[in-house]
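Participant: Data: run.cif, mmCIF, C-alpha atoms.
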data_model
loop_
_atom_site.label_atom_id
_atom_site.label_comp_id
_atom_site.auth_asym_id
_atom_site.auth_seq_id
_atom_site.Cartn_x
_atom_site.Cartn_y
_atom_site.Cartn_z
CA MET Q 1 5.91 16.75 2.46
CA PRO Q 2 4.34 13.75 4.23
CA THR Q 3 3.60 10.49 2.43
CA PHE Q 4 0.22 8.79 2.62
CA MET Q 5 -1.20 5.36 1.83
CA ASP Q 6 -4.95 5.33 1.36
CA ILE Q 7 -7.34 2.47 0.80
CA HIS Q 8 -10.61 2.33 -1.10
CA HIS Q 9 -12.91 -0.61 -0.39
CA GLY Q 10 -15.72 -1.99 -2.51
CA MET Q 11 -14.08 -1.66 -5.92
CA VAL Q 12 -14.80 -5.29 -6.78
CA GLY Q 13 -14.35 -5.97 -10.47
CA ILE Q 14 -12.41 -2.77 -11.16
CA SER Q 15 -10.86 -2.92 -14.64
CA PRO Q 16 -7.49 -1.63 -15.81
CA GLU Q 17 -9.37 1.15 -17.61
CA GLY Q 18 -11.37 1.97 -14.48
CA LEU Q 19 -8.23 2.26 -12.40
CA ALA Q 20 -6.54 4.40 -15.04
CA GLU Q 21 -9.57 6.71 -15.26
CA ALA Q 22 -9.83 7.08 -11.49
CA HIS Q 23 -6.10 7.83 -11.22
CA ALA Q 24 -6.31 10.31 -14.09
CA ALA Q 25 -9.16 12.10 -12.29
CA ASP Q 26 -6.97 12.40 -9.18
CA LEU Q 27 -4.05 13.70 -11.23
CA ALA Q 28 -6.24 16.28 -12.91
CA LEU Q 29 -7.41 17.68 -9.56
CA GLN Q 30 -4.42 17.19 -7.26
CA ALA Q 31 -2.75 20.56 -7.90
CA GLU Q 32 -5.56 22.47 -6.22
CA GLU Q 33 -4.63 20.75 -2.93
CA GLY Q 34 -0.86 20.49 -3.35
CA VAL Q 35 -1.09 16.68 -3.47
CA THR Q 36 0.92 14.38 -5.74
CA PHE Q 37 -0.49 10.93 -6.40
CA ASP Q 38 2.39 8.60 -7.15
CA ARG Q 39 1.14 5.06 -7.71
CA ALA Q 40 -2.00 2.99 -7.18
CA TRP Q 41 -2.57 -0.77 -6.97
CA ALA Q 42 -5.90 -2.57 -7.26
CA ASP Q 43 -7.24 -5.99 -6.35
CA PRO Q 44 -10.45 -6.53 -8.35
CA VAL Q 45 -11.23 -9.65 -6.29
CA SER Q 46 -11.32 -8.06 -2.82
CA GLY Q 47 -12.18 -4.62 -4.21
CA ASN Q 48 -9.29 -2.91 -2.42
CA VAL Q 49 -7.41 -0.08 -4.12
CA PHE Q 50 -4.24 1.33 -2.53
CA CYS Q 51 -2.98 4.81 -3.43
CA LEU Q 52 0.41 6.25 -2.55
CA SER Q 53 0.68 10.03 -2.43
CA THR Q 54 2.49 12.97 -0.94
CA GLY Q 55 0.74 16.09 0.23
CA PRO Q 56 0.23 18.56 3.03
CA SER Q 57 -2.30 16.47 5.02
CA LYS Q 58 -4.68 13.49 5.05
CA GLU Q 59 -7.51 15.96 4.62
CA ALA Q 60 -5.95 17.38 1.44
CA VAL Q 61 -5.58 13.85 0.00
CA GLN Q 62 -9.19 13.11 0.86
CA ARG Q 63 -10.44 16.35 -0.71
CA VAL Q 64 -8.83 15.36 -4.03
CA HIS Q 65 -10.33 11.86 -3.91
CA THR Q 66 -13.73 13.24 -2.93
CA HIS Q 67 -13.65 15.88 -5.68
CA ALA Q 68 -12.76 13.08 -8.12
CA GLY Q 69 -15.84 11.15 -6.95
CA HIS Q 70 -14.14 8.36 -5.02
CA PRO Q 71 -13.42 9.26 -1.37
CA ALA Q 72 -10.98 6.91 0.38
CA ASP Q 73 -12.20 4.67 3.20
CA GLU Q 74 -8.91 4.83 5.12
CA ILE Q 75 -5.92 7.17 4.90
CA PHE Q 76 -2.68 6.59 6.80
CA GLU Q 77 0.32 8.86 7.03
CA VAL Q 78 3.39 6.65 6.44
CA PRO Q 79 6.45 8.57 7.63
CA LEU Q 80 8.65 5.45 7.56
CA GLU Q 81 9.71 3.81 4.32
CA VAL Q 82 12.26 1.26 3.17
CA MET T 1 5.08 -12.92 -11.35
CA PRO T 2 2.09 -11.51 -9.44
CA THR T 3 2.36 -8.40 -7.26
CA PHE T 4 1.08 -8.32 -3.68
CA MET T 5 0.28 -5.67 -1.09
CA ASP T 6 0.24 -6.99 2.45
CA ILE T 7 -0.66 -5.27 5.70
CA HIS T 8 0.60 -5.82 9.22
CA HIS T 9 -1.49 -4.42 12.06
CA GLY T 10 -0.46 -3.66 15.61
CA MET T 11 3.00 -2.22 14.90
CA VAL T 12 2.24 0.89 16.95
CA GLY T 13 5.40 2.85 17.72
CA ILE T 14 7.53 1.07 15.11
CA SER T 15 10.82 2.92 14.66
CA PRO T 16 12.82 3.50 11.48
CA GLU T 17 15.33 0.94 12.78
CA GLY T 18 12.54 -1.55 13.53
CA LEU T 19 11.15 -1.24 10.02
CA ALA T 20 14.62 -1.57 8.50
CA GLU T 21 15.35 -4.69 10.58
CA ALA T 22 12.02 -6.32 9.71
CA HIS T 23 12.54 -5.57 6.01
CA ALA T 24 16.11 -6.89 6.16
CA ALA T 25 14.81 -10.13 7.71
CA ASP T 26 12.36 -10.51 4.81
CA LEU T 27 15.11 -9.83 2.26
CA ALA T 28 17.39 -12.40 3.89
CA LEU T 29 14.73 -15.12 3.62
CA GLN T 30 12.83 -14.27 0.46
CA ALA T 31 14.93 -16.30 -1.97
CA GLU T 32 13.80 -19.58 -0.45
CA GLU T 33 10.25 -18.77 -1.61
CA GLY T 34 11.00 -16.95 -4.86
CA VAL T 35 9.59 -13.72 -3.41
CA THR T 36 11.01 -10.22 -3.91
CA PHE T 37 10.07 -7.58 -1.35
CA ASP T 38 10.19 -4.22 -3.05
CA ARG T 39 9.15 -1.49 -0.62
CA ALA T 40 7.47 -1.08 2.75
CA TRP T 41 5.74 1.88 4.41
CA ALA T 42 4.87 2.20 8.09
CA ASP T 43 2.54 4.34 10.15
CA PRO T 44 3.73 4.19 13.78
CA VAL T 45 0.53 5.92 14.96
CA SER T 46 -2.02 3.41 13.60
CA GLY T 47 0.49 0.54 13.66
CA ASN T 48 -0.09 -0.38 10.02
CA VAL T 49 2.80 -1.54 7.85
CA PHE T 50 2.30 -2.00 4.09
CA CYS T 51 4.65 -4.23 2.09
CA LEU T 52 4.83 -4.42 -1.69
CA SER T 53 6.23 -7.62 -3.17
CA THR T 54 6.25 -9.92 -6.14
CA GLY T 55 6.21 -13.67 -5.84
CA PRO T 56 4.55 -16.89 -6.91
CA SER T 57 1.59 -16.71 -4.47
CA LYS T 58 0.10 -15.09 -1.37
CA GLU T 59 1.13 -18.19 0.55
CA ALA T 60 4.78 -17.78 -0.47
CA VAL T 61 4.73 -14.15 0.68
CA GLN T 62 3.21 -15.19 3.98
CA ARG T 63 5.77 -17.98 4.49
CA VAL T 64 8.61 -15.45 4.22
CA HIS T 65 6.93 -13.06 6.66
CA THR T 66 6.17 -15.89 9.06
CA HIS T 67 9.71 -17.25 8.87
CA ALA T 68 10.96 -13.73 9.60
CA GLY T 69 8.75 -13.63 12.69
CA HIS T 70 6.09 -11.15 11.54
CA PRO T 71 3.23 -12.83 9.64
CA ALA T 72 1.00 -10.41 7.72
CA ASP T 73 -2.61 -9.84 8.79
CA GLU T 74 -3.88 -9.29 5.24
CA ILE T 75 -2.40 -10.07 1.84
CA PHE T 76 -3.94 -8.90 -1.44
CA GLU T 77 -2.89 -9.75 -4.95
CA VAL T 78 -2.84 -6.45 -6.88
CA PRO T 79 -2.79 -7.28 -10.60
CA LEU T 80 -3.66 -3.71 -11.59
CA GLU T 81 -1.23 -0.85 -11.18
CA VAL T 82 -0.88 2.70 -12.39
#
Will you turn the file into structure tokens for me?
Facilitator:
Amino acid sequence: MPTFMDIHHGMVGISPEGLAEAHAADLALQAEEGVTFDRAWADPVSGNVFCLSTGPSKEAVQRVHTHAGHPADEIFEVPLEV
Amino acid sequence: MPTFMDIHHGMVGISPEGLAEAHAADLALQAEEGVTFDRAWADPVSGNVFCLSTGPSKEAVQRVHTHAGHPADEIFEVPLEV
């Protein structure tokens, strides 16, 4: 199953609770698309949030994020990892 | 110690060996700056490489990458994580 890194912009000021709620929303919906969200990191200053997932396709990852109310701005398949 | 996500652009066509060599160069130099590179993910199609690290500052992370010959294009402190 491919791995993806996606980026959300514009989340300036995101709180720990906000990140946890957004991630929980993804986790609650991911099964319908066969996606597994692994980890997420947020920078409240720049407003960037990075999500690491595995799933069948970029489109499947985006459908989960969109259903959860926060579509990603960029999604990259990352087949290489160290 | 803060956590950072940095991004390198323009690494189109990066190979598994190329990513492993670049990461090894970071690991060999990181102690001089008190940085610990944890993981890296690469997308050979878009040319984006994402590196996750901990260290004293963005500048310290960048000094390691620059010393290794591959300065990052963007570095974000990511104090929030799930």
Participant: Present chain Q as a PDB file with C-alpha atoms, keeping the file's coordinate frame, least-squares fitted onto chain T over all of its C-alpha atoms paired in order.
Facilitator:
ATOM      1  CA  MET Q   1       5.075 -12.915 -11.358  1.00  0.00           C
ATOM      2  CA  PRO Q   2       2.088 -11.507  -9.437  1.00  0.00           C
ATOM      3  CA  THR Q   3       2.355  -8.412  -7.254  1.00  0.00           C
ATOM      4  CA  PHE Q   4       1.093  -8.333  -3.683  1.00  0.00           C
ATOM      5  CA  MET Q   5       0.287  -5.680  -1.091  1.00  0.00           C
ATOM      6  CA  ASP Q   6       0.237  -6.978   2.458  1.00  0.00           C
ATOM      7  CA  ILE Q   7      -0.675  -5.271   5.693  1.00  0.00           C
ATOM      8  CA  HIS Q   8       0.594  -5.829   9.214  1.00  0.00           C
ATOM      9  CA  HIS Q   9      -1.495  -4.422  12.059  1.00  0.00           C
ATOM     10  CA  GLY Q  10      -0.455  -3.660  15.614  1.00  0.00           C
ATOM     11  CA  MET Q  11       2.985  -2.215  14.907  1.00  0.00           C
ATOM     12  CA  VAL Q  12       2.253   0.908  16.944  1.00  0.00           C
ATOM     13  CA  GLY Q  13       5.403   2.846  17.716  1.00  0.00           C
ATOM     14  CA  ILE Q  14       7.531   1.067  15.111  1.00  0.00           C
ATOM     15  CA  SER Q  15      10.836   2.914  14.657  1.00  0.00           C
ATOM     16  CA  PRO Q  16      12.828   3.497  11.483  1.00  0.00           C
ATOM     17  CA  GLU Q  17      15.327   0.933  12.782  1.00  0.00           C
ATOM     18  CA  GLY Q  18      12.548  -1.556  13.524  1.00  0.00           C
ATOM     19  CA  LEU Q  19      11.158  -1.236  10.026  1.00  0.00           C
ATOM     20  CA  ALA Q  20      14.615  -1.577   8.497  1.00  0.00           C
ATOM     21  CA  GLU Q  21      15.346  -4.690  10.580  1.00  0.00           C
ATOM     22  CA  ALA Q  22      12.024  -6.312   9.712  1.00  0.00           C
ATOM     23  CA  HIS Q  23      12.537  -5.580   6.004  1.00  0.00           C
ATOM     24  CA  ALA Q  24      16.101  -6.888   6.158  1.00  0.00           C
ATOM     25  CA  ALA Q  25      14.809 -10.125   7.714  1.00  0.00           C
ATOM     26  CA  ASP Q  26      12.366 -10.514   4.809  1.00  0.00           C
ATOM     27  CA  LEU Q  27      15.109  -9.836   2.271  1.00  0.00           C
ATOM     28  CA  ALA Q  28      17.380 -12.387   3.886  1.00  0.00           C
ATOM     29  CA  LEU Q  29      14.733 -15.121   3.629  1.00  0.00           C
ATOM     30  CA  GLN Q  30      12.817 -14.257   0.459  1.00  0.00           C
ATOM     31  CA  ALA Q  31      14.932 -16.304  -1.968  1.00  0.00           C
ATOM     32  CA  GLU Q  32      13.802 -19.591  -0.455  1.00  0.00           C
ATOM     33  CA  GLU Q  33      10.245 -18.789  -1.616  1.00  0.00           C
ATOM     34  CA  GLY Q  34      10.995 -16.950  -4.859  1.00  0.00           C
ATOM     35  CA  VAL Q  35       9.578 -13.716  -3.405  1.00  0.00           C
ATOM     36  CA  THR Q  36      10.993 -10.219  -3.911  1.00  0.00           C
ATOM     37  CA  PHE Q  37      10.063  -7.586  -1.356  1.00  0.00           C
ATOM     38  CA  ASP Q  38      10.189  -4.206  -3.042  1.00  0.00           C
ATOM     39  CA  ARG Q  39       9.153  -1.464  -0.630  1.00  0.00           C
ATOM     40  CA  ALA Q  40       7.465  -1.081   2.751  1.00  0.00           C
ATOM     41  CA  TRP Q  41       5.725   1.873   4.412  1.00  0.00           C
ATOM     42  CA  ALA Q  42       4.867   2.210   8.094  1.00  0.00           C
ATOM     43  CA  ASP Q  43       2.527   4.344  10.165  1.00  0.00           C
ATOM     44  CA  PRO Q  44       3.738   4.186  13.786  1.00  0.00           C
ATOM     45  CA  VAL Q  45       0.537   5.916  14.950  1.00  0.00           C
ATOM     46  CA  SER Q  46      -2.010   3.404  13.617  1.00  0.00           C
ATOM     47  CA  GLY Q  47       0.501   0.541  13.670  1.00  0.00           C
ATOM     48  CA  ASN Q  48      -0.098  -0.369  10.024  1.00  0.00           C
ATOM     49  CA  VAL Q  49       2.797  -1.531   7.856  1.00  0.00           C
ATOM     50  CA  PHE Q  50       2.297  -2.009   4.103  1.00  0.00           C
ATOM     51  CA  CYS Q  51       4.642  -4.230   2.083  1.00  0.00           C
ATOM     52  CA  LEU Q  52       4.828  -4.421  -1.694  1.00  0.00           C
ATOM     53  CA  SER Q  53       6.238  -7.614  -3.175  1.00  0.00           C
ATOM     54  CA  THR Q  54       6.261  -9.914  -6.149  1.00  0.00           C
ATOM     55  CA  GLY Q  55       6.203 -13.666  -5.854  1.00  0.00           C
ATOM     56  CA  PRO Q  56       4.560 -16.889  -6.908  1.00  0.00           C
ATOM     57  CA  SER Q  57       1.610 -16.713  -4.459  1.00  0.00           C
ATOM     58  CA  LYS Q  58       0.115 -15.087  -1.350  1.00  0.00           C
ATOM     59  CA  GLU Q  59       1.125 -18.192   0.555  1.00  0.00           C
ATOM     60  CA  ALA Q  60       4.775 -17.792  -0.485  1.00  0.00           C
ATOM     61  CA  VAL Q  61       4.746 -14.142   0.678  1.00  0.00           C
ATOM     62  CA  GLN Q  62       3.222 -15.196   3.977  1.00  0.00           C
ATOM     63  CA  ARG Q  63       5.770 -17.982   4.496  1.00  0.00           C
ATOM     64  CA  VAL Q  64       8.606 -15.438   4.214  1.00  0.00           C
ATOM     65  CA  HIS Q  65       6.934 -13.046   6.662  1.00  0.00           C
ATOM     66  CA  THR Q  66       6.160 -15.884   9.065  1.00  0.00           C
ATOM     67  CA  HIS Q  67       9.713 -17.255   8.872  1.00  0.00           C
ATOM     68  CA  ALA Q  68      10.947 -13.713   9.591  1.00  0.00           C
ATOM     69  CA  GLY Q  69       8.739 -13.630  12.705  1.00  0.00           C
ATOM     70  CA  HIS Q  70       6.096 -11.170  11.538  1.00  0.00           C
ATOM     71  CA  PRO Q  71       3.213 -12.826   9.640  1.00  0.00           C
ATOM     72  CA  ALA Q  72       1.000 -10.397   7.707  1.00  0.00           C
ATOM     73  CA  ASP Q  73      -2.602  -9.842   8.793  1.00  0.00           C
ATOM     74  CA  GLU Q  74      -3.879  -9.299   5.241  1.00  0.00           C
ATOM     75  CA  ILE Q  75      -2.386 -10.073   1.830  1.00  0.00           C
ATOM     76  CA  PHE Q  76      -3.942  -8.905  -1.435  1.00  0.00           C
ATOM     77  CA  GLU Q  77      -2.885  -9.759  -4.951  1.00  0.00           C
ATOM     78  CA  VAL Q  78      -2.834  -6.458  -6.891  1.00  0.00           C
ATOM     79  CA  PRO Q  79      -2.782  -7.292 -10.601  1.00  0.00           C
ATOM     80  CA  LEU Q  80      -3.671  -3.714 -11.595  1.00  0.00           C
ATOM     81  CA  GLU Q  81      -1.231  -0.851 -11.191  1.00  0.00           C
ATOM     82  CA  VAL Q  82      -0.868   2.717 -12.402  1.00  0.00           C
TER      83      VAL Q  82
END
Participant: Starting from the displayed file, determine the output of the PyMOL selection byres ((chain Q) within 6 of (chain T)) and express the residue list as JSON, numbers by chain.
Facilitator: {"Q": [39, 40, 41, 42, 43, 77, 78, 80, 81, 82]}
Participant: Expanded to explicit residues, what is the PyMOL selection byres ((chain T and resi 55) around 10) for this file, as a ChimeraX atom specification?
Facilitator: /T:1-4,30-31,33-37,53-54,56-61,77
Participant: Please list as a list in words every residue within 6 Å of segment 66-75 of chain Q, counting all atoms listed in the file and excluding residues in the same chain fewer than 6 positions away.
Facilitator: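 Counting all atoms listed in the file, the residues come to Met5, Asp6, Ile7, His8, Ala25 and Asp26 of chain Q.
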Participant: I'd like the interatomic distance between atom CA of Arg63 of chain Q and atom CA of Ala28 of chain Q, to a tenth of an Å.
Facilitator: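 Going from atom CA of Arg63 of chain Q over to atom CA of Ala28 of chain Q, I get 12.9 Å.
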Participant: Could N, CA, C and O atoms be built for segment 52-65 of chain T and written out as a short mmCIF file (atom, residue, chain, number, x, y, z; two decimals), in the frame of the given file?
Facilitator:
data_model
loop_
_atom_site.label_atom_id
_atom_site.label_comp_id
_atom_site.auth_asym_id
_atom_site.auth_seq_id
_atom_site.Cartn_x
_atom_site.Cartn_y
_atom_site.Cartn_z
N LEU T 52 5.05 -4.14 -0.28
CA LEU T 52 4.83 -4.42 -1.69
C LEU T 52 5.83 -5.48 -2.14
O LEU T 52 7.03 -5.34 -1.89
N SER T 53 5.34 -6.53 -2.77
CA SER T 53 6.23 -7.62 -3.17
C SER T 53 5.76 -8.23 -4.47
O SER T 53 4.63 -8.00 -4.92
N THR T 54 6.65 -9.02 -5.06
CA THR T 54 6.25 -9.92 -6.14
C THR T 54 6.65 -11.32 -5.73
O THR T 54 7.61 -11.51 -4.96
N GLY T 55 5.90 -12.29 -6.21
CA GLY T 55 6.21 -13.67 -5.84
C GLY T 55 5.22 -14.61 -6.48
O GLY T 55 4.28 -14.19 -7.16
N PRO T 56 5.40 -15.91 -6.25
CA PRO T 56 4.55 -16.89 -6.91
C PRO T 56 3.13 -16.96 -6.35
O PRO T 56 2.21 -17.34 -7.07
N SER T 57 2.92 -16.57 -5.08
CA SER T 57 1.59 -16.71 -4.47
C SER T 57 1.54 -15.94 -3.16
O SER T 57 2.58 -15.62 -2.56
N LYS T 58 0.31 -15.68 -2.70
CA LYS T 58 0.10 -15.09 -1.37
C LYS T 58 0.76 -15.96 -0.30
O LYS T 58 1.33 -15.45 0.67
N GLU T 59 0.62 -17.27 -0.46
CA GLU T 59 1.13 -18.19 0.55
C GLU T 59 2.65 -18.09 0.65
O GLU T 59 3.23 -18.18 1.75
N ALA T 60 3.31 -17.92 -0.48
CA ALA T 60 4.78 -17.78 -0.47
C ALA T 60 5.18 -16.51 0.24
O ALA T 60 6.13 -16.50 1.04
N VAL T 61 4.46 -15.41 -0.02
CA VAL T 61 4.73 -14.15 0.68
C VAL T 61 4.56 -14.34 2.18
O VAL T 61 5.41 -13.93 2.98
N GLN T 62 3.47 -15.00 2.55
CA GLN T 62 3.21 -15.19 3.98
C GLN T 62 4.27 -16.10 4.63
O GLN T 62 4.64 -15.86 5.78
N ARG T 63 4.73 -17.11 3.91
CA ARG T 63 5.77 -17.98 4.49
C ARG T 63 7.04 -17.19 4.81
O ARG T 63 7.67 -17.41 5.84
N VAL T 64 7.42 -16.26 3.93
CA VAL T 64 8.61 -15.45 4.22
C VAL T 64 8.37 -14.60 5.46
O VAL T 64 9.20 -14.57 6.39
N HIS T 65 7.23 -13.91 5.50
CA HIS T 65 6.93 -13.06 6.66
C HIS T 65 6.87 -13.88 7.96
O HIS T 65 7.33 -13.43 9.01
#
